[in-house]
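Structure data (mmCIF, C-alpha atoms) from run.cif:
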```cif
data_model
loop_
_atom_site.label_atom_id
_atom_site.label_comp_id
_atom_site.auth_asym_id
_atom_site.auth_seq_id
_atom_site.Cartn_x
_atom_site.Cartn_y
_atom_site.Cartn_z
CA MET A 87 39.54 -6.14 -16.98
CA VAL A 88 36.38 -6.76 -14.95
CA SER A 89 36.88 -8.72 -11.77
CA LEU A 90 34.39 -11.06 -10.16
CA VAL A 91 33.95 -8.59 -7.26
CA ASP A 92 33.08 -5.78 -9.69
CA LEU A 93 30.55 -8.00 -11.42
CA PHE A 94 29.03 -8.97 -8.07
CA MET A 95 28.79 -5.32 -6.97
CA VAL A 96 27.05 -4.27 -10.18
CA THR A 97 24.63 -7.20 -9.93
CA ALA A 98 23.86 -6.37 -6.29
CA LEU A 99 23.26 -2.70 -7.14
CA VAL A 100 20.95 -3.56 -10.04
CA THR A 101 19.03 -6.01 -7.82
CA VAL A 102 18.55 -3.44 -5.05
CA LEU A 103 17.40 -0.81 -7.56
CA ALA A 104 14.94 -3.26 -9.15
CA LEU A 105 13.49 -4.18 -5.75
CA TRP A 106 13.17 -0.51 -4.80
CA TRP A 107 11.46 0.32 -8.11
CA GLN A 108 9.02 -2.58 -7.64
CA ALA A 109 8.24 -1.44 -4.08
CA GLN A 110 7.50 2.08 -5.35
CA ARG A 111 5.18 0.67 -8.01
CA THR A 112 3.31 -1.40 -5.42
CA ARG A 113 2.98 1.64 -3.16
CA GLU A 114 1.49 3.63 -6.05
CA ILE A 115 -1.00 0.82 -6.71
CA ALA A 116 -1.97 0.83 -3.01
CA LEU A 117 -2.34 4.62 -3.00
CA ALA A 118 -4.55 4.65 -6.11
CA ALA A 119 -6.78 1.88 -4.74
CA THR A 120 -7.08 3.69 -1.42
CA LYS A 121 -8.07 6.93 -3.12
CA ARG A 122 -10.73 5.13 -5.19
CA ALA A 123 -12.17 3.34 -2.13
CA LEU A 124 -12.32 6.55 -0.10
CA ASN A 125 -13.85 8.56 -2.95
CA GLN A 126 -16.60 5.97 -3.35
CA GLN A 127 -17.53 6.51 0.30
CA GLN A 128 -17.14 10.31 0.12
CA LEU A 129 -14.15 10.29 2.45
CA ARG A 130 -10.90 12.25 2.13
CA LEU A 131 -7.39 10.85 2.28
CA LEU A 132 -5.18 12.90 4.57
CA ASP A 133 -1.59 13.69 3.61
CA ASP A 134 -2.22 12.04 0.21
CA THR A 135 -0.03 9.09 1.11
CA VAL A 136 0.13 5.52 2.36
CA ALA A 137 2.94 4.41 4.69
CA LEU A 138 4.49 0.95 4.69
CA ARG A 139 4.05 -0.63 8.13
CA SER A 140 4.93 -4.28 7.58
CA ALA A 141 6.10 -6.65 4.90
CA TRP A 142 6.44 -10.40 4.65
CA PHE A 143 6.27 -13.31 2.23
CA LYS A 144 2.94 -15.10 1.81
CA ARG A 145 1.45 -17.49 -0.71
CA ASP A 146 -1.36 -16.37 -3.00
CA LYS A 147 -4.43 -18.48 -3.80
CA HIS A 148 -2.42 -20.37 -6.43
CA GLY A 149 0.33 -21.25 -3.95
CA LYS A 150 2.88 -18.87 -5.47
CA LEU A 151 5.10 -17.03 -2.98
CA ARG A 152 4.44 -13.27 -3.11
CA PHE A 153 5.59 -10.24 -1.21
CA TRP A 154 2.88 -9.16 1.25
CA ARG A 155 2.78 -5.52 2.35
CA ARG A 156 0.55 -3.57 4.73
CA TYR A 157 0.25 0.18 4.29
CA ASN A 158 -1.44 2.49 6.80
CA PHE A 159 -3.21 5.70 5.85
CA GLU A 160 -5.28 8.37 7.54
CA PHE A 161 -8.62 9.68 6.34
CA THR A 162 -11.34 12.03 7.47
CA VAL A 163 -15.07 12.47 7.05
CA THR A 164 -15.59 15.98 8.38
CA GLY A 165 -12.05 17.33 8.39
CA ASP A 166 -12.03 17.46 12.20
CA GLU A 167 -11.41 13.81 13.01
CA ARG A 168 -8.66 11.52 11.80
CA TYR A 169 -9.19 7.81 11.29
CA GLN A 170 -6.53 5.25 10.45
CA GLY A 171 -7.16 2.54 7.88
CA PHE A 172 -4.94 0.10 6.07
CA VAL A 173 -4.50 -1.46 2.68
CA VAL A 174 -2.87 -4.85 2.11
CA THR A 175 -1.16 -5.89 -1.10
CA LEU A 176 -0.11 -9.35 -2.16
CA GLY A 177 2.36 -8.96 -4.97
CA ASN A 178 1.00 -6.07 -7.04
CA ARG A 179 -2.64 -6.82 -6.25
CA ILE A 180 -4.84 -5.33 -3.58
CA ALA A 181 -5.79 -8.01 -1.08
CA ASN A 182 -7.80 -5.88 1.34
CA ILE A 183 -8.69 -2.32 2.28
CA GLU A 184 -10.01 -1.88 5.78
CA LEU A 185 -11.57 1.18 7.33
CA PRO A 186 -12.36 1.40 11.04
CA PRO A 187 -15.82 2.46 12.24
CA HIS A 188 -16.27 6.13 11.38
CA ARG A 189 -18.94 8.77 10.90
CA PHE A 190 -20.83 8.86 7.64
CA PRO A 191 -20.80 11.94 5.42
CA ASP A 192 -23.93 14.08 5.93
CA SER A 193 -25.03 13.68 2.30
CA THR A 194 -25.63 9.93 2.79
CA LEU A 195 -28.17 10.47 5.60
CA HIS A 196 -30.92 11.81 3.31
#
```
Using structure tokens, write down the structure from this file.
Amino acid sequence: MVSLVDLFMVTALVTVLALWWQAQRTREIALAATKRALNQQQLRLLDDTVALRSAWFKRDKHGKLRFWRRYNFEFTVTGDERYQGFVVTLGNRIANIELPPHRFPDSTLH
């Protein structure tokens, strides 16, 4: 016979797994958007990853409560210097990608 505690434990485990899976999906969305943004500017993503730095709840433009996440990443122009940028997601949508001042690739100077 299934007890109430067993049912609670299974529900808690399923909830944690669902939240983890959703967080991984959001991280993949942030990584793909970061790669696209850097490629458009002829920049290279270092370590091929984004790292979660902060998370919170915020409302979107429709007033719906969403999970807000900020991921940091490092990129380079020449391969010698490292710059740190960040990408912000609100739910599963990209809210902002910000790059600090950096050198431009040589090919854009012509």
Q | Distance of atom CA of Leu151 of chain A from atom CA of Leu105 of chain A, expressed in Å to one decimal place | A |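 For atom CA of Leu105 of chain A relative to atom CA of Leu151 of chain A, the distance reads 15.6 Å.
Under the PyMOL selection byres ((chain A and resi 158-168) around 9), the matching residues in the shown file are Leu117, Thr120, Leu124, Gln128, Leu129, Arg130, Leu131, Leu132, Asp133, Asp134, Thr135, Val136, Ala137, Leu138, Arg139, Arg156, Tyr157, Tyr169, Gln170, Gly171, Phe172, Val173, Val174, His188, Arg189, Phe190, Pro191 and Asp192 of chain A.
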Q. Any idea what the distance is between atom CA of Phe153 of chain A and atom CA of Ala141 of chain A?
A. 7.1 Å
Q. In Å, with one decimal, what is the gap from atom CA of Ile115 of chain A to atom CA of Ala181 of chain A?
A. 11.5 Å
